[in-house]
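Asks: See coords-v5.cif below, with mmCIF, C-alpha atoms.
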```
data_coords
#
loop_
_atom_site.group_PDB
_atom_site.id
_atom_site.type_symbol
_atom_site.label_atom_id
_atom_site.label_comp_id
_atom_site.auth_asym_id
_atom_site.auth_seq_id
_atom_site.Cartn_x
_atom_site.Cartn_y
_atom_site.Cartn_z
ATOM 1 C CA MET A 1 -37.072 -0.652 -20.735
ATOM 2 C CA GLY A 2 -39.848 -1.781 -18.356
ATOM 3 C CA LEU A 3 -39.421 -5.447 -19.299
ATOM 4 C CA TRP A 4 -35.621 -5.191 -18.941
ATOM 5 C CA ARG A 5 -36.019 -3.610 -15.492
ATOM 6 C CA ASP A 6 -38.505 -6.283 -14.438
ATOM 7 C CA MET A 7 -36.079 -9.011 -15.478
ATOM 8 C CA PHE A 8 -32.783 -7.567 -14.222
ATOM 9 C CA GLY A 9 -33.735 -4.826 -11.770
ATOM 10 C CA PRO A 10 -32.709 -1.153 -11.894
ATOM 11 C CA GLY A 11 -29.539 -0.286 -13.814
ATOM 12 C CA GLN A 12 -26.473 1.711 -12.846
ATOM 13 C CA ASP A 13 -27.851 5.061 -14.046
ATOM 14 C CA GLU A 14 -31.048 4.689 -12.047
ATOM 15 C CA ILE A 15 -29.285 3.497 -8.880
ATOM 16 C CA TRP A 16 -26.448 6.029 -8.999
ATOM 17 C CA GLY A 17 -28.885 8.828 -9.831
ATOM 18 C CA SER A 18 -31.029 7.873 -6.837
ATOM 19 C CA VAL A 19 -28.019 7.815 -4.501
ATOM 20 C CA ALA A 20 -26.801 11.179 -5.799
ATOM 21 C CA LYS A 21 -30.201 12.747 -5.148
ATOM 22 C CA GLU A 22 -30.340 11.285 -1.638
ATOM 23 C CA ILE A 23 -26.891 12.612 -0.631
ATOM 24 C CA ASN A 24 -27.361 15.951 -2.431
ATOM 25 C CA ALA A 25 -24.657 15.278 -5.042
ATOM 26 C CA ASP A 26 -24.454 15.867 -8.797
ATOM 27 C CA TYR A 27 -24.999 12.918 -11.120
ATOM 28 C CA THR A 28 -23.833 12.810 -14.726
ATOM 29 C CA PRO A 29 -25.475 9.899 -16.611
ATOM 30 C CA GLY A 30 -23.346 7.610 -18.706
ATOM 31 C CA GLY A 31 -23.399 7.677 -22.487
ATOM 32 C CA TRP A 32 -21.426 6.633 -25.549
ATOM 33 C CA LEU A 33 -18.555 9.006 -24.844
ATOM 34 C CA GLN A 34 -18.597 9.166 -21.053
ATOM 35 C CA LYS A 35 -19.231 6.991 -18.023
ATOM 36 C CA GLY A 36 -21.722 7.830 -15.317
ATOM 37 C CA ARG A 37 -20.292 9.659 -12.304
ATOM 38 C CA ILE A 38 -21.343 11.170 -8.990
ATOM 39 C CA ASP A 39 -19.671 14.354 -7.738
ATOM 40 C CA LEU A 40 -20.237 15.241 -4.093
ATOM 41 C CA HIS A 41 -19.054 18.736 -3.161
ATOM 42 C CA ARG A 42 -17.564 18.916 0.317
ATOM 43 C CA ASP A 43 -16.713 22.527 1.208
ATOM 44 C CA SER A 44 -14.194 23.409 -1.525
ATOM 45 C CA ALA A 45 -13.233 19.764 -2.115
ATOM 46 C CA ILE A 46 -14.965 17.205 -4.309
ATOM 47 C CA ILE A 47 -15.516 13.441 -3.943
ATOM 48 C CA THR A 48 -15.988 11.640 -7.264
ATOM 49 C CA LEU A 49 -17.416 8.165 -7.879
ATOM 50 C CA ASP A 50 -17.077 6.626 -11.336
ATOM 51 C CA THR A 51 -15.866 3.523 -13.177
ATOM 52 C CA TYR A 52 -12.953 2.746 -15.453
ATOM 53 C CA ALA A 53 -11.954 -0.133 -17.701
ATOM 54 C CA VAL A 54 -8.704 -2.075 -18.048
ATOM 55 C CA ASN A 55 -8.144 -4.091 -21.223
ATOM 56 C CA THR A 56 -6.015 -7.159 -20.503
ATOM 57 C CA GLY A 57 -5.839 -8.184 -24.166
ATOM 58 C CA LYS A 58 -8.205 -11.123 -23.680
ATOM 59 C CA SER A 59 -10.910 -9.396 -21.684
ATOM 60 C CA THR A 60 -11.929 -6.033 -20.243
ATOM 61 C CA MET A 61 -12.128 -5.564 -16.478
ATOM 62 C CA ILE A 62 -14.423 -2.864 -15.054
ATOM 63 C CA TYR A 63 -13.600 -1.204 -11.729
ATOM 64 C CA THR A 64 -15.535 1.143 -9.470
ATOM 65 C CA ARG A 65 -13.422 3.892 -7.942
ATOM 66 C CA MET A 66 -13.895 6.835 -5.597
ATOM 67 C CA ARG A 67 -11.409 9.697 -5.321
ATOM 68 C CA THR A 68 -10.902 13.022 -3.660
ATOM 69 C CA PRO A 69 -7.796 15.183 -4.145
ATOM 70 C CA PHE A 70 -6.062 16.811 -1.167
ATOM 71 C CA ARG A 71 -2.882 18.660 -0.343
ATOM 72 C CA ASN A 72 -0.549 16.121 1.269
ATOM 73 C CA SER A 73 2.102 18.510 2.587
ATOM 74 C CA ASN A 74 3.806 16.005 4.899
ATOM 75 C CA GLY A 75 3.781 13.102 2.441
ATOM 76 C CA MET A 76 1.571 10.778 4.514
ATOM 77 C CA ALA A 77 1.249 7.317 2.911
ATOM 78 C CA MET A 78 -1.458 4.671 3.421
ATOM 79 C CA ASN A 79 -2.710 1.436 1.899
ATOM 80 C CA ILE A 80 -5.505 -0.699 3.397
ATOM 81 C CA TYR A 81 -6.880 -3.891 1.846
ATOM 82 C CA ARG A 82 -8.460 -7.149 2.973
ATOM 83 C CA GLU A 83 -6.265 -10.053 3.998
ATOM 84 C CA SER A 84 -6.267 -12.835 1.387
ATOM 85 C CA ILE A 85 -4.147 -15.711 0.121
ATOM 86 C CA PHE A 86 -2.398 -13.184 -2.143
ATOM 87 C CA SER A 87 -1.630 -10.666 0.611
ATOM 88 C CA TRP A 88 1.943 -11.892 0.903
ATOM 89 C CA LEU A 89 2.592 -10.513 -2.591
ATOM 90 C CA GLY A 90 1.354 -7.058 -1.627
ATOM 91 C CA LYS A 91 3.432 -7.125 1.531
ATOM 92 C CA LEU A 92 6.482 -8.202 -0.463
ATOM 93 C CA MET A 93 6.081 -5.283 -2.876
ATOM 94 C CA GLY A 94 4.945 -2.677 -0.343
ATOM 95 C CA MET A 95 5.638 -1.419 3.137
ATOM 96 C CA SER A 96 5.579 -3.552 6.275
ATOM 97 C CA ASP A 97 2.227 -4.498 7.796
ATOM 98 C CA ILE A 98 1.096 -2.246 10.677
ATOM 99 C CA THR A 99 -0.661 -3.658 13.738
ATOM 100 C CA VAL A 100 -3.341 -1.207 14.844
ATOM 101 C CA GLY A 101 -4.195 -2.950 18.116
ATOM 102 C CA ASP A 102 -7.667 -4.219 17.174
ATOM 103 C CA ALA A 103 -7.552 -8.019 16.985
ATOM 104 C CA PHE A 104 -10.494 -8.359 14.589
ATOM 105 C CA PHE A 105 -9.357 -5.546 12.290
ATOM 106 C CA ASP A 106 -5.743 -6.748 12.305
ATOM 107 C CA LYS A 107 -6.923 -10.245 11.372
ATOM 108 C CA ASP A 108 -9.051 -9.144 8.410
ATOM 109 C CA PHE A 109 -7.024 -6.273 6.949
ATOM 110 C CA VAL A 110 -3.515 -5.484 5.796
ATOM 111 C CA VAL A 111 -2.569 -1.954 6.838
ATOM 112 C CA GLN A 112 0.520 -0.240 5.445
ATOM 113 C CA GLY A 113 1.686 3.342 5.615
ATOM 114 C CA SER A 114 3.804 6.022 7.189
ATOM 115 C CA PRO A 115 4.270 7.586 9.622
ATOM 116 C CA GLU A 116 3.084 4.482 11.459
ATOM 117 C CA SER A 117 1.926 6.422 14.538
ATOM 118 C CA LYS A 118 -0.409 8.550 12.418
ATOM 119 C CA ILE A 119 -1.858 5.501 10.627
ATOM 120 C CA VAL A 120 -2.587 3.875 14.001
ATOM 121 C CA SER A 121 -4.204 7.109 15.249
ATOM 122 C CA PHE A 122 -6.228 7.319 12.035
ATOM 123 C CA LEU A 123 -7.635 3.820 12.652
ATOM 124 C CA THR A 124 -8.641 4.449 16.268
ATOM 125 C CA ASP A 125 -11.925 5.888 15.004
ATOM 126 C CA PRO A 126 -14.624 3.195 15.528
ATOM 127 C CA LYS A 127 -16.923 4.628 12.845
ATOM 128 C CA LEU A 128 -14.097 4.682 10.311
ATOM 129 C CA LYS A 129 -13.230 1.034 10.938
ATOM 130 C CA GLN A 130 -16.918 0.093 10.754
ATOM 131 C CA LEU A 131 -17.231 1.744 7.334
ATOM 132 C CA ILE A 132 -14.068 0.041 6.066
ATOM 133 C CA GLU A 133 -15.338 -3.320 7.302
ATOM 134 C CA ALA A 134 -18.694 -2.689 5.561
ATOM 135 C CA GLN A 135 -16.977 -2.915 2.153
ATOM 136 C CA PRO A 136 -16.692 -6.594 1.133
ATOM 137 C CA HIS A 137 -13.932 -5.740 -1.360
ATOM 138 C CA ILE A 138 -11.694 -2.772 -0.744
ATOM 139 C CA SER A 139 -8.443 -1.130 -1.728
ATOM 140 C CA PHE A 140 -8.300 2.136 0.216
ATOM 141 C CA LYS A 141 -5.198 4.255 -0.040
ATOM 142 C CA ILE A 142 -3.471 7.560 -0.414
ATOM 143 C CA ARG A 143 -2.388 7.542 -4.032
ATOM 144 C CA GLU A 144 0.430 9.762 -5.189
ATOM 145 C CA ASP A 145 -0.053 11.575 -8.471
ATOM 146 C CA ASP A 146 3.589 11.040 -9.371
ATOM 147 C CA SER A 147 3.446 9.715 -12.929
ATOM 148 C CA TRP A 148 4.757 12.200 -15.511
ATOM 149 C CA PHE A 149 2.774 10.331 -18.160
ATOM 150 C CA SER A 150 -0.635 10.823 -16.498
ATOM 151 C CA LYS A 151 -0.102 13.731 -14.106
ATOM 152 C CA HIS A 152 -3.161 15.957 -13.793
ATOM 153 C CA TYR A 153 -2.739 17.613 -10.388
ATOM 154 C CA PRO A 154 -0.337 20.335 -9.240
ATOM 155 C CA ASP A 155 2.691 19.349 -7.132
ATOM 156 C CA GLY A 156 1.819 18.284 -3.590
ATOM 157 C CA ILE A 157 -1.696 17.106 -4.477
ATOM 158 C CA ASP A 158 -2.493 13.424 -3.897
ATOM 159 C CA GLU A 159 -5.752 11.442 -3.817
ATOM 160 C CA LEU A 160 -7.620 9.573 -1.135
ATOM 161 C CA TYR A 161 -8.549 6.628 -3.343
ATOM 162 C CA PHE A 162 -10.821 3.554 -3.280
ATOM 163 C CA GLN A 163 -11.293 0.890 -5.916
ATOM 164 C CA CYS A 164 -12.853 -2.555 -6.300
ATOM 165 C CA GLY A 165 -13.640 -4.880 -9.168
ATOM 166 C CA GLY A 166 -17.012 -4.612 -10.916
ATOM 167 C CA ILE A 167 -19.709 -1.927 -10.841
ATOM 168 C CA ILE A 168 -21.196 -1.276 -7.407
ATOM 169 C CA THR A 169 -24.986 -1.040 -7.658
ATOM 170 C CA ASP A 170 -25.902 -1.651 -4.018
ATOM 171 C CA GLU A 171 -27.348 1.646 -2.789
ATOM 172 C CA GLN A 172 -26.395 1.187 0.865
ATOM 173 C CA ARG A 173 -22.852 0.232 -0.047
ATOM 174 C CA LEU A 174 -22.545 3.336 -2.237
ATOM 175 C CA LYS A 175 -23.820 5.583 0.546
ATOM 176 C CA ASN A 176 -21.424 3.903 2.974
ATOM 177 C CA LEU A 177 -18.568 4.716 0.581
ATOM 178 C CA PHE A 178 -19.372 8.423 0.567
ATOM 179 C CA GLU A 179 -19.666 8.369 4.349
ATOM 180 C CA LEU A 180 -16.314 6.544 4.528
ATOM 181 C CA PHE A 181 -14.627 9.310 2.542
ATOM 182 C CA ASN A 182 -16.211 12.051 4.652
ATOM 183 C CA VAL A 183 -15.155 10.417 7.918
ATOM 184 C CA ALA A 184 -11.689 9.528 6.573
ATOM 185 C CA ALA A 185 -11.041 13.072 5.331
ATOM 186 C CA ASP A 186 -11.925 14.544 8.723
ATOM 187 C CA LYS A 187 -9.790 12.003 10.576
ATOM 188 C CA LEU A 188 -6.773 12.408 8.261
ATOM 189 C CA ALA A 189 -6.876 16.181 8.732
ATOM 190 C CA GLU A 190 -7.036 15.619 12.493
ATOM 191 C CA VAL A 191 -4.031 13.275 12.733
ATOM 192 C CA ASP A 192 -1.963 15.178 10.154
ATOM 193 C CA PRO A 193 -2.653 18.903 9.622
ATOM 194 C CA GLY A 194 -0.661 18.602 6.376
ATOM 195 C CA CYS A 195 -3.650 16.760 4.867
ATOM 196 C CA VAL A 196 -5.832 19.601 3.590
ATOM 197 C CA PHE A 197 -9.043 18.605 1.790
ATOM 198 C CA GLY A 198 -10.196 22.103 0.910
ATOM 199 C CA VAL A 199 -8.655 21.767 -2.556
ATOM 200 C CA ASN A 200 -10.981 22.782 -5.376
ATOM 201 C CA LEU A 201 -9.884 20.240 -7.992
ATOM 202 C CA THR A 202 -11.978 17.828 -10.048
ATOM 203 C CA PRO A 203 -10.528 14.335 -10.737
ATOM 204 C CA LYS A 204 -10.349 13.518 -14.440
#
```
Could you render the structure as structure tokens?
Replies:
Amino acid sequence: MGLWRDMFGPGQDEIWGSVAKEINADYTPGGWLQKGRIDLHRDSAIITLDTYAVNTGKSTMIYTRMRTPFRNSNGMAMNIYRESIFSWLGKLMGMSDITVGDAFFDKDFVVQGSPESKIVSFLTDPKLKQLIEAQPHISFKIREDDSWFSKHYPDGIDELYFQCGGIITDEQRLKNLFELFNVAADKLAEVDPGCVFGVNLTPK
């Protein structure tokens, strides 16, 4: 183990365990039958960081994701991702792009959602935008739990959801992610009182 660490540096379990301890969260190490995860309790809500795999038939892609369930009474929708050469496809399949009034942010990110006025208000928070910009790869959205095949929340419960390709092992980036979710949850509840994060549910 020492030689492996000397050659490749600390592994996911060590890094995620260290981050969990620093932010006062619970860490469950990975094993044969489960993947490592961090659960940060926030009042009666919970923010969960873990990974999942997608088998494409020829290869397996690993993704890091962070989720927290909340009661989305007014049906607020949101999707934020970095501008790229493939952004036109996302715009074609999704909602229209929202201009938030920040030239640098508008240039680097595609912002979609409704109601538009609440999305713009949500992104007036300088700290929130700074934390979004700190993620080199980001898909940050409100995800509806609307699939009958995989439904695991009661009606009216959605997720604030982040994902990116690969396993994040940069400690500062991981801590920034948890801070992003804390700031975002507070700001969403401020701009839309129908977004209630005091929901005691654990993502599966």
Asks: So, counting only C-alpha atoms, which residue among A:Asn200, A:Asn79, A:Asn55, A:Thr68 is closest to Ser139 in chain A?
Replies: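 For Ser139 in chain A, the nearest of the candidates is A:Asn79.
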Asks: State, in Å with one decimal place, the distance from CA of Ser73 in chain A to CA of Lys141 in chain A.
Replies: 16.2 Å
Asks: Find the residues of range 120-172 of chain A that sit at most 12 Å from range 181-188 of chain A; for each, write down the nearest two atoms and how far apart they are in Å, to one decimal. Count only C-alpha atoms. Sort by chain, then by number going up, and give it as CSV.
Replies:
```
residue,atom,partner,partner_atom,distance
A:Val120,CA,A:Leu188,CA,11.1
A:Ser121,CA,A:Lys187,CA,8.8
A:Phe122,CA,A:Lys187,CA,6.1
A:Leu123,CA,A:Lys187,CA,8.7
A:Thr124,CA,A:Lys187,CA,9.5
A:Asp125,CA,A:Lys187,CA,7.8
A:Pro126,CA,A:Val183,CA,10.5
A:Lys127,CA,A:Val183,CA,7.8
A:Leu128,CA,A:Val183,CA,6.3
A:Lys129,CA,A:Ala184,CA,9.7
A:Gln130,CA,A:Val183,CA,10.9
A:Leu131,CA,A:Val183,CA,8.9
A:Ile132,CA,A:Ala184,CA,9.8
A:Phe140,CA,A:Phe181,CA,9.8
A:Lys141,CA,A:Ala184,CA,10.7
A:Ile142,CA,A:Leu188,CA,10.5
A:Glu159,CA,A:Ala185,CA,10.7
A:Leu160,CA,A:Phe181,CA,7.9
A:Tyr161,CA,A:Phe181,CA,8.9
A:Phe162,CA,A:Phe181,CA,9.0
```
Asks: For Gly165 in chain A, which of A:Val196, A:Ile23, A:Ala45, A:Ile138 is the closest residue, counting all atoms listed in the file?
Replies: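 Between A:Val196, A:Ile23, A:Ala45, A:Ile138, the residue approaching Gly165 in chain A most closely is A:Ile138.
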Asks: Which residues, written as a list in words, have at least one atom at most 12 Å from Ile62 in chain A, with all atoms listed in the file counted and residues fewer than 2 positions away on the same chain left out?
Replies: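 Neighbouring residues, sequence-local ones excluded: Lys35, Asp50, Thr51, Tyr52, Ala53, Val54, Asn55, Thr56, Ser59, Thr60, Thr64, Arg65, Gln163, Cys164, Gly165, Gly166, Ile167 and Ile168 of chain A.
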Asks: For the residues in the current selection, export C-alpha atoms as a short mmCIF file (atom, residue, chain, number, x, y, z; two decimals), keeping the file's coordinate frame.
Replies:
```cif
data_model
loop_
_atom_site.label_atom_id
_atom_site.label_comp_id
_atom_site.auth_asym_id
_atom_site.auth_seq_id
_atom_site.Cartn_x
_atom_site.Cartn_y
_atom_site.Cartn_z
CA LYS A 35 -19.23 6.99 -18.02
CA ASP A 50 -17.08 6.63 -11.34
CA THR A 51 -15.87 3.52 -13.18
CA TYR A 52 -12.95 2.75 -15.45
CA ALA A 53 -11.95 -0.13 -17.70
CA VAL A 54 -8.70 -2.08 -18.05
CA ASN A 55 -8.14 -4.09 -21.22
CA THR A 56 -6.02 -7.16 -20.50
CA SER A 59 -10.91 -9.40 -21.68
CA THR A 60 -11.93 -6.03 -20.24
CA THR A 64 -15.54 1.14 -9.47
CA ARG A 65 -13.42 3.89 -7.94
CA GLN A 163 -11.29 0.89 -5.92
CA CYS A 164 -12.85 -2.56 -6.30
CA GLY A 165 -13.64 -4.88 -9.17
CA GLY A 166 -17.01 -4.61 -10.92
CA ILE A 167 -19.71 -1.93 -10.84
CA ILE A 168 -21.20 -1.28 -7.41
#
```
Asks: Limit the output to C-alpha atoms and give range 89-176 of chain A as an mmCIF file, in the first residue's frame.
Replies:
```cif
data_model
loop_
_atom_site.group_PDB
_atom_site.id
_atom_site.type_symbol
_atom_site.label_atom_id
_atom_site.label_comp_id
_atom_site.auth_asym_id
_atom_site.auth_seq_id
_atom_site.Cartn_x
_atom_site.Cartn_y
_atom_site.Cartn_z
ATOM 1 C CA LEU A 89 -27.266 20.262 -29.081
ATOM 2 C CA GLY A 90 -28.246 20.886 -25.469
ATOM 3 C CA LYS A 91 -29.976 24.108 -26.429
ATOM 4 C CA LEU A 92 -31.821 22.318 -29.227
ATOM 5 C CA MET A 93 -33.112 19.654 -26.830
ATOM 6 C CA GLY A 94 -33.722 21.917 -23.829
ATOM 7 C CA MET A 95 -35.081 25.299 -22.889
ATOM 8 C CA SER A 96 -33.877 28.603 -24.317
ATOM 9 C CA ASP A 97 -30.618 30.083 -23.039
ATOM 10 C CA ILE A 98 -31.037 32.723 -20.299
ATOM 11 C CA THR A 99 -28.850 35.831 -20.175
ATOM 12 C CA VAL A 100 -28.076 36.632 -16.546
ATOM 13 C CA GLY A 101 -26.446 40.009 -17.190
ATOM 14 C CA ASP A 102 -22.854 39.060 -16.327
ATOM 15 C CA ALA A 103 -20.772 39.197 -19.511
ATOM 16 C CA PHE A 104 -18.116 36.739 -18.321
ATOM 17 C CA PHE A 105 -20.609 34.250 -16.879
ATOM 18 C CA ASP A 106 -22.886 34.491 -19.923
ATOM 19 C CA LYS A 107 -19.901 33.818 -22.186
ATOM 20 C CA ASP A 108 -18.724 30.702 -20.336
ATOM 21 C CA PHE A 109 -21.998 29.074 -19.281
ATOM 22 C CA VAL A 110 -25.303 27.978 -20.743
ATOM 23 C CA VAL A 111 -28.119 28.750 -18.309
ATOM 24 C CA GLN A 112 -31.604 27.322 -18.799
ATOM 25 C CA GLY A 113 -34.612 27.229 -16.526
ATOM 26 C CA SER A 114 -37.913 28.642 -15.408
ATOM 27 C CA PRO A 115 -39.239 30.948 -14.182
ATOM 28 C CA GLU A 116 -36.529 32.999 -15.874
ATOM 29 C CA SER A 117 -36.751 35.862 -13.356
ATOM 30 C CA LYS A 118 -36.010 33.490 -10.474
ATOM 31 C CA ILE A 119 -33.041 31.915 -12.294
ATOM 32 C CA VAL A 120 -31.583 35.388 -12.904
ATOM 33 C CA SER A 121 -32.131 36.302 -9.231
ATOM 34 C CA PHE A 122 -30.526 33.014 -8.190
ATOM 35 C CA LEU A 123 -27.383 33.877 -10.187
ATOM 36 C CA THR A 124 -26.991 37.390 -8.777
ATOM 37 C CA ASP A 125 -25.095 35.897 -5.840
ATOM 38 C CA PRO A 126 -21.352 36.554 -6.451
ATOM 39 C CA LYS A 127 -20.231 33.683 -4.206
ATOM 40 C CA LEU A 128 -22.528 31.251 -6.002
ATOM 41 C CA LYS A 129 -21.167 32.214 -9.418
ATOM 42 C CA GLN A 130 -17.600 31.984 -8.097
ATOM 43 C CA LEU A 131 -18.217 28.428 -6.876
ATOM 44 C CA ILE A 132 -19.812 27.418 -10.184
ATOM 45 C CA GLU A 133 -16.874 28.890 -12.092
ATOM 46 C CA ALA A 134 -14.446 26.988 -9.815
ATOM 47 C CA GLN A 135 -15.656 23.673 -11.284
ATOM 48 C CA PRO A 136 -13.766 22.977 -14.540
ATOM 49 C CA HIS A 137 -16.467 20.517 -15.641
ATOM 50 C CA ILE A 138 -20.011 20.956 -14.442
ATOM 51 C CA SER A 139 -23.597 19.948 -15.046
ATOM 52 C CA PHE A 140 -25.621 21.613 -12.289
ATOM 53 C CA LYS A 141 -29.371 21.285 -12.354
ATOM 54 C CA ILE A 142 -32.670 20.691 -10.676
ATOM 55 C CA ARG A 143 -33.474 17.127 -11.631
ATOM 56 C CA GLU A 144 -37.031 15.883 -11.532
ATOM 57 C CA ASP A 145 -37.604 12.445 -10.068
ATOM 58 C CA ASP A 146 -40.267 11.718 -12.665
ATOM 59 C CA SER A 147 -39.319 8.283 -13.982
ATOM 60 C CA TRP A 148 -41.763 5.546 -12.932
ATOM 61 C CA PHE A 149 -39.013 2.998 -13.561
ATOM 62 C CA SER A 150 -36.532 4.495 -11.065
ATOM 63 C CA LYS A 151 -38.681 6.649 -8.783
ATOM 64 C CA HIS A 152 -37.452 6.668 -5.192
ATOM 65 C CA TYR A 153 -38.813 9.933 -3.778
ATOM 66 C CA PRO A 154 -42.364 10.927 -2.826
ATOM 67 C CA ASP A 155 -44.326 13.214 -5.172
ATOM 68 C CA GLY A 156 -43.075 16.801 -5.227
ATOM 69 C CA ILE A 157 -39.500 15.898 -4.261
ATOM 70 C CA ASP A 158 -36.753 16.759 -6.759
ATOM 71 C CA GLU A 159 -32.948 16.896 -6.509
ATOM 72 C CA LEU A 160 -30.402 19.661 -6.728
ATOM 73 C CA TYR A 161 -27.912 17.680 -8.797
ATOM 74 C CA PHE A 162 -24.292 17.924 -10.003
ATOM 75 C CA GLN A 163 -22.329 15.509 -12.142
ATOM 76 C CA CYS A 164 -19.072 15.365 -14.097
ATOM 77 C CA GLY A 165 -17.039 12.679 -15.801
ATOM 78 C CA GLY A 166 -14.390 10.800 -13.812
ATOM 79 C CA ILE A 167 -13.715 10.556 -10.074
ATOM 80 C CA ILE A 168 -12.937 13.869 -8.389
ATOM 81 C CA THR A 169 -9.958 13.470 -6.054
ATOM 82 C CA ASP A 170 -8.932 17.114 -5.706
ATOM 83 C CA GLU A 171 -9.656 18.010 -2.079
ATOM 84 C CA GLN A 172 -10.250 21.720 -2.673
ATOM 85 C CA ARG A 173 -12.591 21.013 -5.557
ATOM 86 C CA LEU A 174 -14.573 18.580 -3.394
ATOM 87 C CA LYS A 175 -14.869 21.118 -0.584
ATOM 88 C CA ASN A 176 -15.924 23.760 -3.107
#
```
